[in-house]
Each structure stands twice: as structure tokens, then as C-alpha cells.
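What follows is a short report on a single structure.
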Protein chains: 2
Amino acid sequence: MPNLSEKSFAMPESPIRKLVPYAEAAKKAGRTVYHLNIGQPDIRTPKEVLDKMSNLNLEVVEYSHSAGFQSYRKGLAKYYNNLGISINYEDILITTGGSEAIIFAMQTCFNPGDQVIIPEPFYANYNGFAINAGLEVVPITTKIEEGFALPPVEEFEKMITPKTRGILICNPGNPTGCLYSEDELNVLKEIVKKHDLFLFSDEVYREFCYDGATATSALSLAGVEENVVVVDSVSKRYSMCGARVGALISKNKKLISTALKFGQARLSPPTFGQIAGEAALSTPASYFEEVSKEYIERRDILVKGLNKIEGVLCPSPKGAFYAIAKLPIDNADKFCQWILEEFHYENQTIMLAPATGFYATKGAGEQEVRIAYVLNKESLQKAVKCLEIALDQYPGRKLETVVQETQEI
Amino acid sequence: MPNLSEKSFAMPESPIRKLVPYAEAAKKAGRTVYHLNIGQPDIRTPKEVLDKMSNLNLEVVEYSHSAGFQSYRKGLAKYYNNLGISINYEDILITTGGSEAIIFAMQTCFNPGDQVIIPEPFYANYNGFAINAGLEVVPITTKIEEGFALPPVEEFEKMITPKTRGILICNPGNPTGCLYSEDELNVLKEIVKKHDLFLFSDEVYREFCYDGATATSALSLAGVEENVVVVDSVSKRYSMCGARVGALISKNKKLISTALKFGQARLSPPTFGQIAGEAALSTPASYFEEVSKEYIERRDILVKGLNKIEGVLCPSPKGAFYAIAKLPIDNADKFCQWILEEFHYENQTIMLAPATGFYATKGAGEQEVRIAYVLNKESLQKAVKCLEIALDQYPGRKLETVVQETQEI
């Protein structure tokens, strides 16, 4: 058989996927597995969407325009305008999920061999998209002890080489739950301006901000309009991950018209998903209030519960629905396998995502796990209890290390 | 502003897109424009699909598995088995349209700089996908006077270099309507085997074969199971282009598991579209019989009408719903613009796709246009009449050249 591409060997497997057989075995053994490993919310898709889908009245399921239905783009522009962001529908390209928006942006802006700086830990699939485009990911490490705050400007300056062409952030962040302040975004703005870089801002968790905070969009940064590309998606906002509808937004007209050429090659984003996305724009504020209340309650159960466990550090996330926790363990990959394979408490166990998959720096995050709080409160409480007992029983428990490291900061 | 990528300049614009403003101007001037330029069928999506979509009963629009819903993959495997193709559901990866299947296959199999031989004229978006993957398209020219038959093996051998890694065909063909015989496919099989190349076979028009012919799938070629990748899609088969659901199929297990890594990075193909695709598997044979009958009648109106016009050559397509016609003109791009901009007959005109966009060889296809017979018979008849009168009036009419070239063969 002919050889496969070099890229195909470089493509990482999902860090969670390796654990799937262990989770399946635990379920086969009759155990309840609490899935804290995935970003698939259990929240109901808005009624406005489901009603619309039941009343489609289509005769032919046609392509849309390659940039998406104009009515949907206009509706989305209005959504941004209501957030105080001055955007015209022509600045918006509808994509097949946020994923395709990142792929298009990378293909449009970067050449193979270019470097993109990404604060780590970061969404693991950025690696795959970068490999796809032949890019080099340059991680800039953020620390759990500092709540994953953006490093100071000097740290960024150290990373910049002649090959640096962009910075990619996720705000609010997956997997950290970190929400960048306006000051932090202004730091980025100055770097981007000084070195004429692209700033990709993945803002798919925009609606999920807690404790009175709101997300600042990179689109509102004055003076870098030509540099900023925002990635958006309906997946989490309306709990409709399966719609596969996202958007690429930029005030850089040349960038949008060029990205559209990549869009034309794949003809059209999904028609059903776009109809759902347009209907979702009518979701009432009360839906988000309820969802937000629910996530805050879940977060508090999780974070308070975790921080009570000896040796566990879990900063309270300001946004999204993930938290990173540092555990008193030797190795998160081993622990996440052990807890599925060897451990159970009252016939229950948990599936976590080892954080190593979210770091590009080898060895970073070895004691950390990502936890998605997408389960109901009762299950979350039971999952936290499971974790507490598991940490007590785990043969690779390493309490001292964590305490020392925390003290060093 | 930072520079865009080199790729983004190389990406071709759609050959039809340049004509859109002229079509819009003609419509604004109150003229009827017959769209023979697009592959968006007017055929009704099967009732089975539309009924299913009205009765979804979803609470949360979730991701599917990255390879697609297992029930859908199993249903598709059965569809292939019914065609006499021995395929297991694990050989199938559900993709976002046939487009994504080609993108995944290229990323999985080829390195930047690799060469792929494609019989031309070919589907114009293969260019975009190749640029995306950094591939060099090596065209092998097929001739309208030979009904676009596959060139003999010697012609292929001439094209093969150490960089050649694959051959890409579309069967039945867009834009030619050509259906490859088993003998032709066996020629390809021998080349692929001899040089250990990948054979990508885009079979999205499989159901549209006329005059008693049937399509032979590359999946049925014995001895090259590890080399063959089939691209499929629900778009044309069920007239649901907007569903954006396709498939990548190969008996090469390593290839499928590797392509899945690209699939994991983008999470999931569209959930709504997959539900529609699965429902479409229940479409009764009568639907296809009706559709086929309709397309044959349209084809005959078009082809017979065109060949009656002096200087026009239009081989009768054996499959798909496109035909290439050679016209007595100086230049198809000029003619297609002129007919929209300057010409009208009884307040009607037509939009055609210049065939130059379907050839990679510079200057090839300059007198040819692609015509999609996706209009009802009455409109098609009127469109053919329009073309006849336009050819008579066109200032760049060049009757002699066509006749000479035809005689040379």
C-alpha cells in the first residue's frame, strides 16, 4: 500500500480517546461513569430552534450562499451590534462550526512554517488545525497558581521571531475557564500592532461569564481592526453542538473576501444548521439567565468541593464551563486511566481529561486534569466525592510535590 | 495590515462567480435568466427526508461521533452491499459533504509537493482542495471529440514522475457527464497497482446513469483495495445539497483510522444532515426511476437541440446531469459574459459556465461551456433556442475553427 502523508502521523489523537476503551469496560462492568471529560452540554437546545426545525416547509434542501444565508448573516450582525460591536453582515462568513472558521483563518493568513503563539493550556484541536496548515505552535505557558492569567508583555516579546505571524487566544477559555480582562486584551493589542501580527480570538463561550463579568470581544479593540479575526459558533451558546454552524468575523475586507474563496471550494455551510442558528437568534434573555444560573451552581459545587480535598488546587473559572484542577498525583494520564480501570466507589467512577493534551510544552500539566461541568448538580456532587476517595486510594499519590510547587509561586 | 498567505492568492475564484454581476444586471433589467451554470438540482428532496425532519423529537442537538452516527454508517454499508460492494460500516467515515471527504483524503494521503493526475476537464473545486493541501494537479486531457473517454495507459505513463502519488477521477463525471467503462477502470487499476498510487474516485453521481448503463465503483476493483478511496455525498443523489453530508470510504483500515484523526479535530459532521441522510436511505426505487426519467428527457432536449445548431458539438452524457458543448466561438469566457450583458431574445438570456475553469491546461476548453440540465423541460427548450440565436448574433462567432478541429480527429 502507498504511504500515508507525513501530516497524518503528526496529527494527534484526541487526548480523551485513549481512555474511551477503559470507560466502556467500566460501563460493561456495570459501573456508573460520570463524564466530566467532554464539552457536550446537557442543557436543552432553545425551544425557538426545535420549533423552527419541526416547521421547515422546504421542498428542496438547497445549498446556501458560500458565505451563508444573507438573512442569517444580517441577523448575526444585529446580535453583535446589540453587544456593542460594530459589525456589518459583510464582515461575517458562516462556517461549518467554529472549527472550519479556524481552518479558513489559518489557510487565509498563514504560510506553512509560520509560527503562531498560543497561551497554554489551550483547546487541544488547535494542534490539529495547525498541523493541517503546516504551522508551528509556539506555546506561552500560563500557570494554574496565577489563575491562568495572560503572561506579561515581556514574555510574549521573548517568543516573537521573524516567523511569528499571529497570536491565538480563546476567551473565555477552554480548558481554563479564564476570562481575559480589558487590560490583558490591550496588552495583546499592543503586541499585535507593534509586530503586525494577526490576532485570532476564539469567542465561542462569550455568553458564559460569571460573577458579573462580561467578555470583551477582540472586535472592539481599536486600531487593530485589520489584524483581528474572531471565531464564533452556535454550538455551546445554544447547546446545539451538532448543528455545525460557526462564523469567521473580521473587519479586514481583504481577509474575508479571501477566506470566502476557501468557502466557495466547499460550496456551502449546512443549510439545516443555519436555519437552526437563525432561529436561535430569537432565544429570549431568560434562557441565558437560567443557563448561567445553572452553570454557576455547578461550578461552585465543583470548585468548592475540589478545593476542600487535600492537595487539590482548582481556580474558580470566570467563564465557559471548564475548570483545570491540579491534583496530588504523579501523572494525570496514568491517574485518569487508573480511576476508570482500577477504581470504583459505590459502583461509580469518573472520566476526566488529562491536561497534558492541552499543553504543547512536553511535561507541562502532568498533574492537571480538565473537568467540564456539564452534568447535573447531583451527579457532580457524586463525582467530586468519587474523586476525593480515588485520590486517597491512588497508588501514585504525591502530596508533597503539589504543596511545594504551590508555595514556590 | 499583515500579509495574507501565499495560498490565498493561489486559490481560484469560482469560474462562474465572475459572471454573477452580469446575471444580476440582466435580471434587474427585467430579463429572464436561465441558469444552466449550476449543479443545484430543482428535483424535490425525498418525502422520507422531509417527514423525518418534521418529527425530530430532539431535546439537545448533540455532536455525533467524529466518524458519524453508527446507525447511519451501518445503513450506508447496507446501501453499498445492495450495490454488490462489500463494505463494512467501519470502512466509512461520514464527512461534511463530499468536499470534506476529498480534503480529508488529500491530507491523509499526500504531502505538499506531491502530484495528483486528474483527467481534465474536471470539477473546478479539486483545484482549491489541492491548493489547500499544497498538491500539484497534473491534468491529463480528455477530448470532447472522443466523448471525454479516459486516455490510454501510455498517456498516463507519460505523466508519471517520482512525485506522482495519486489519480483522482469523477465517475460519472462532472463536468463531462462521462461514465467510465469497466475496461477503463481496469486500465486505472493496473496503473495504480504498478506505481503504488492512491486512486480517489468521486462517485457522488452514481445513481445518475442513463441508457441502461450502471456505474462501476472503484471499490469493486480487486487487488487495489488498499489504494482506493471513494468519495460520496447525499447532495445530488437525494437533491439535498444543503445537508452537507458525504462520506469517505476505503478498505484501507490505516487510511480510515488516520483520516478519523482529521475528523476528530473538527469534532463531528452535521447532526441534522446525518439524520436526513439516514432517512434518505429509505427512499423508494420509484423516486430514482422518476428522477432518472426526468433527467433523460432533459438531456435529450438539450443534446439534440444543441447538436442541431450549426458548429455545435455536444456528446450525449451517459451520467450525471451535465454536458460539455463546444461552440463556434472565439472564447467561452467572453461569450458567457456577452450573452448576459449584451444579448437577449424575447427578454430572455442564459447563464453558462465557461469550460476553461474545468481545465488545468492553459488555453484548453476555450470554446467549450458546461451546461447543467437542472431546469424543467420547457425552460430548457427556451434556453436552447436562446443559445441558437445568440450564437448567430455573437460578434466573436468562429465557425471554421470548430469544423476544422473536429475533422482533425
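By order of appearance in the C-alpha cells: chains A, B, ..., then residues from 1 within every chain, and ligands from 1 in the order shown.
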Kindly determine which residues of chain B lie within 6 Å of chain A, considering only C-alpha atoms, and give the answer as an MDAnalysis selection string.
chainID B and resid 1:2 4:5 8 13 44:45 54 59:63 99 108:111 125 128 196 226 240:244 261 265:266 270:271
Show which residues sit within 9 Å of Lys326 (chain B), as a list in words. Count only C-alpha atoms, and ignore same-chain residues fewer than 6 positions away.
Ile144, Gly311, Val312, Leu313, Cys314, Gly365, Glu366, Gln367, Glu368, Val369 and Val402 of chain B
Writing out the chosen residues with N, CA and C atoms as a short mmCIF file (atom, residue, chain, number, x, y, z; two decimals), in the first residue's frame:
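Written file, part-v6.cif:
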data_model
loop_
_atom_site.label_atom_id
_atom_site.label_comp_id
_atom_site.auth_asym_id
_atom_site.auth_seq_id
_atom_site.Cartn_x
_atom_site.Cartn_y
_atom_site.Cartn_z
N ILE B 144 -13.36 16.24 -26.19
CA ILE B 144 -14.80 16.26 -26.44
C ILE B 144 -15.13 15.37 -27.65
N GLY B 311 -22.28 24.11 -36.10
CA GLY B 311 -20.98 24.32 -35.45
C GLY B 311 -20.92 23.88 -34.01
N VAL B 312 -22.01 23.37 -33.47
CA VAL B 312 -22.02 22.96 -32.06
C VAL B 312 -21.80 21.46 -31.97
N LEU B 313 -20.94 21.07 -31.02
CA LEU B 313 -20.69 19.64 -30.76
C LEU B 313 -20.98 19.37 -29.29
N CYS B 314 -21.90 18.44 -29.04
CA CYS B 314 -22.24 18.13 -27.65
C CYS B 314 -22.45 16.62 -27.51
N GLY B 365 -10.17 24.16 -23.59
CA GLY B 365 -11.59 24.37 -23.36
C GLY B 365 -12.08 25.77 -23.67
N GLU B 366 -11.29 26.53 -24.43
CA GLU B 366 -11.67 27.93 -24.67
C GLU B 366 -12.95 28.09 -25.47
N GLN B 367 -13.33 27.04 -26.22
CA GLN B 367 -14.57 27.14 -27.00
C GLN B 367 -15.69 26.32 -26.37
N GLU B 368 -15.45 25.86 -25.14
CA GLU B 368 -16.43 24.96 -24.52
C GLU B 368 -17.15 25.60 -23.34
N VAL B 369 -18.36 25.14 -23.13
CA VAL B 369 -19.12 25.57 -21.94
C VAL B 369 -19.70 24.32 -21.26
N VAL B 402 -13.95 25.41 -35.43
CA VAL B 402 -14.55 24.23 -34.81
C VAL B 402 -14.61 23.09 -35.81
#
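Taking CA of Leu281 (chain A) as the reference point, CA of Thr214 (chain A) is found at 19.1 Å.
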Return as a ChimeraX atom specification the full set of residues in region 3-217 of chain B whose backbone-based DSSP assignment is strand (DSSP E or B).
/B:32-35,92-95,115-120,136-141,164-170,198-202,209
How about saving the chosen residues, C-alpha atoms kept, as a CSV table (one decimal), in the first residue's frame?
chain,number,residue,atom,x,y,z
B,32,THR,CA,-35.4,36.0,-17.5
B,33,VAL,CA,-32.0,34.3,-17.0
B,34,TYR,CA,-32.0,30.5,-17.5
B,35,HIS,CA,-29.4,29.2,-15.1
B,92,ILE,CA,-17.0,4.5,6.2
B,93,LEU,CA,-16.3,7.9,7.6
B,94,ILE,CA,-19.2,10.4,7.5
B,95,THR,CA,-18.0,13.8,6.3
B,115,GLN,CA,1.5,15.3,-7.8
B,116,VAL,CA,-2.0,14.1,-8.5
B,117,ILE,CA,-3.1,13.2,-12.0
B,118,ILE,CA,-6.7,14.3,-12.8
B,119,PRO,CA,-8.3,13.7,-16.2
B,120,GLU,CA,-9.5,17.2,-17.4
B,136,GLU,CA,0.3,19.9,-7.8
B,137,VAL,CA,-2.5,18.9,-10.1
B,138,VAL,CA,-1.2,17.2,-13.2
B,139,PRO,CA,-4.0,17.3,-15.8
B,140,ILE,CA,-4.4,14.5,-18.4
B,141,THR,CA,-6.5,16.0,-21.2
B,164,THR,CA,3.1,11.2,-8.6
B,165,ARG,CA,1.2,9.8,-5.6
B,166,GLY,CA,-2.4,9.5,-6.9
B,167,ILE,CA,-5.0,9.7,-9.6
B,168,LEU,CA,-8.3,11.4,-9.0
B,169,ILE,CA,-11.4,10.6,-11.1
B,170,CYS,CA,-15.0,11.6,-11.0
B,198,PHE,CA,-3.8,6.1,-4.5
B,199,LEU,CA,-6.9,6.1,-6.6
B,200,PHE,CA,-9.5,8.7,-5.5
B,201,SER,CA,-12.9,8.0,-7.1
B,202,ASP,CA,-15.5,10.7,-6.7
B,209,CYS,CA,-26.6,6.7,-15.2
So that each row is one residue of region 323-366 of chain B with an atom at most 12 Å from region 148-159 of chain B, can you give its shortest atom pair and the distance in Å to one decimal, using only C-alpha atoms, rows by chain and rising number, as JSON lines?
{"residue": "B:Ala323", "atom": "CA", "partner": "B:Phe148", "partner_atom": "CA", "distance": 10.8}
{"residue": "B:Ile324", "atom": "CA", "partner": "B:Phe148", "partner_atom": "CA", "distance": 9.5}
{"residue": "B:Ala325", "atom": "CA", "partner": "B:Phe148", "partner_atom": "CA", "distance": 11.6}
Would you kindly return, as a ChimeraX atom specification, each protein, DNA or RNA residue with an atom no farther than 6 Å from any atom of region 354-364 of chain B, considering only C-alpha atoms and excluding same-chain residues fewer than 6 positions away?
/B:15,120-124,332-333,370
For the structure I just gave you, how does DSSP split region 25-73 of chain A - specifically, which residues are helix (DSSP H, G or I)? Reply as a list of chain:residue names.
A:Ala25, A:Ala26, A:Lys27, A:Lys28, A:Lys47, A:Glu48, A:Val49, A:Leu50, A:Asp51, A:Lys52, A:Met53, A:Ser54, A:Gln70, A:Ser71, A:Tyr72, A:Arg73
Skipping near chain neighbours, those fewer than 3 positions away, what residues fall within 12 Å of Ile296 (chain A) using only C-alpha atoms, listed as a VMD selection string?
chain A and resid 208 to 212 288 to 293 299 to 304 316 to 322 373 to 374 376 to 377
Would you write out those residues with C-alpha atoms, as a JSON list (two decimals), in the first residue's frame?
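Wrote it out as part_26.json, contents follow:
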[["chain", "number", "residue", "atom", "x", "y", "z"],
["A", 208, "PHE", "CA", -20.81, 32.08, 29.68],
["A", 209, "CYS", "CA", -19.32, 34.69, 32.02],
["A", 210, "TYR", "CA", -19.94, 34.60, 35.74],
["A", 211, "ASP", "CA", -19.79, 36.77, 38.87],
["A", 212, "GLY", "CA", -20.98, 39.87, 36.99],
["A", 288, "PHE", "CA", -29.38, 32.52, 29.13],
["A", 289, "GLU", "CA", -30.18, 33.69, 32.66],
["A", 290, "GLU", "CA", -31.36, 30.21, 33.58],
["A", 291, "VAL", "CA", -28.41, 28.52, 31.91],
["A", 292, "SER", "CA", -25.95, 30.89, 33.54],
["A", 293, "LYS", "CA", -27.51, 30.31, 36.98],
["A", 299, "ARG", "CA", -19.15, 25.44, 39.11],
["A", 300, "ASP", "CA", -19.47, 26.24, 42.78],
["A", 301, "ILE", "CA", -20.24, 22.63, 43.71],
["A", 302, "LEU", "CA", -17.24, 21.51, 41.69],
["A", 303, "VAL", "CA", -14.70, 24.14, 42.66],
["A", 304, "LYS", "CA", -15.60, 24.32, 46.35],
["A", 316, "SER", "CA", -12.66, 29.27, 40.14],
["A", 317, "PRO", "CA", -13.40, 29.76, 36.43],
["A", 318, "LYS", "CA", -14.79, 33.13, 35.40],
["A", 319, "GLY", "CA", -16.24, 31.82, 32.18],
["A", 320, "ALA", "CA", -17.03, 28.85, 29.92],
["A", 321, "PHE", "CA", -17.85, 25.56, 31.67],
["A", 322, "TYR", "CA", -14.47, 24.01, 32.28],
["A", 373, "TYR", "CA", -19.17, 20.81, 34.46],
["A", 374, "VAL", "CA", -21.81, 19.67, 32.03],
["A", 376, "ASN", "CA", -26.47, 17.99, 36.72],
["A", 377, "LYS", "CA", -25.69, 19.07, 40.29]]
Name the residues in contact with Ala29 (chain B) at a cut-off of 12 Å, using only C-alpha atoms, excluding same-chain residues fewer than 4 positions from it; report them as a ChimeraX atom specification.
/B:22-25,33,340-344,347-349
Contact residues around Glu310 (chain B) with only C-alpha atoms at 10 Å, ignoring same-chain residues under 6 positions, as a VMD selection string:
chain B and resid 327 to 328 388 391 to 392 399 403
Can you spit out the residues from that selection as a compact mmCIF listing (two decimals), in the first residue's frame, using C-alpha atoms?
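Below is the file part30.txt, written as the result:
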# COMPACT_ATOMS: atom_id res chain seq x y z
CA LEU B 327 -19.42 26.19 -29.56
CA PRO B 328 -18.47 28.09 -32.72
CA GLU B 388 -29.03 29.21 -31.01
CA LEU B 391 -24.55 32.09 -31.46
CA ASP B 392 -25.90 33.56 -34.65
CA LEU B 399 -17.46 28.65 -37.31
CA VAL B 403 -15.23 22.36 -38.03
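Between CA of Asp91 (chain A) and CA of Ile256 (chain A) the separation is 6.7 Å.
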Using only C-alpha atoms, which protein or nucleic acid residues come within 6 Å of Glu203 (chain B)? Drop anything in the same chain fewer than 4 positions from it, and give the result as a ChimeraX atom specification.
/B:171,231-232
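Our summary of the geometry notes that CA of Ala353 (chain A) is positioned 9.9 Å from CA of Pro175 (chain A).
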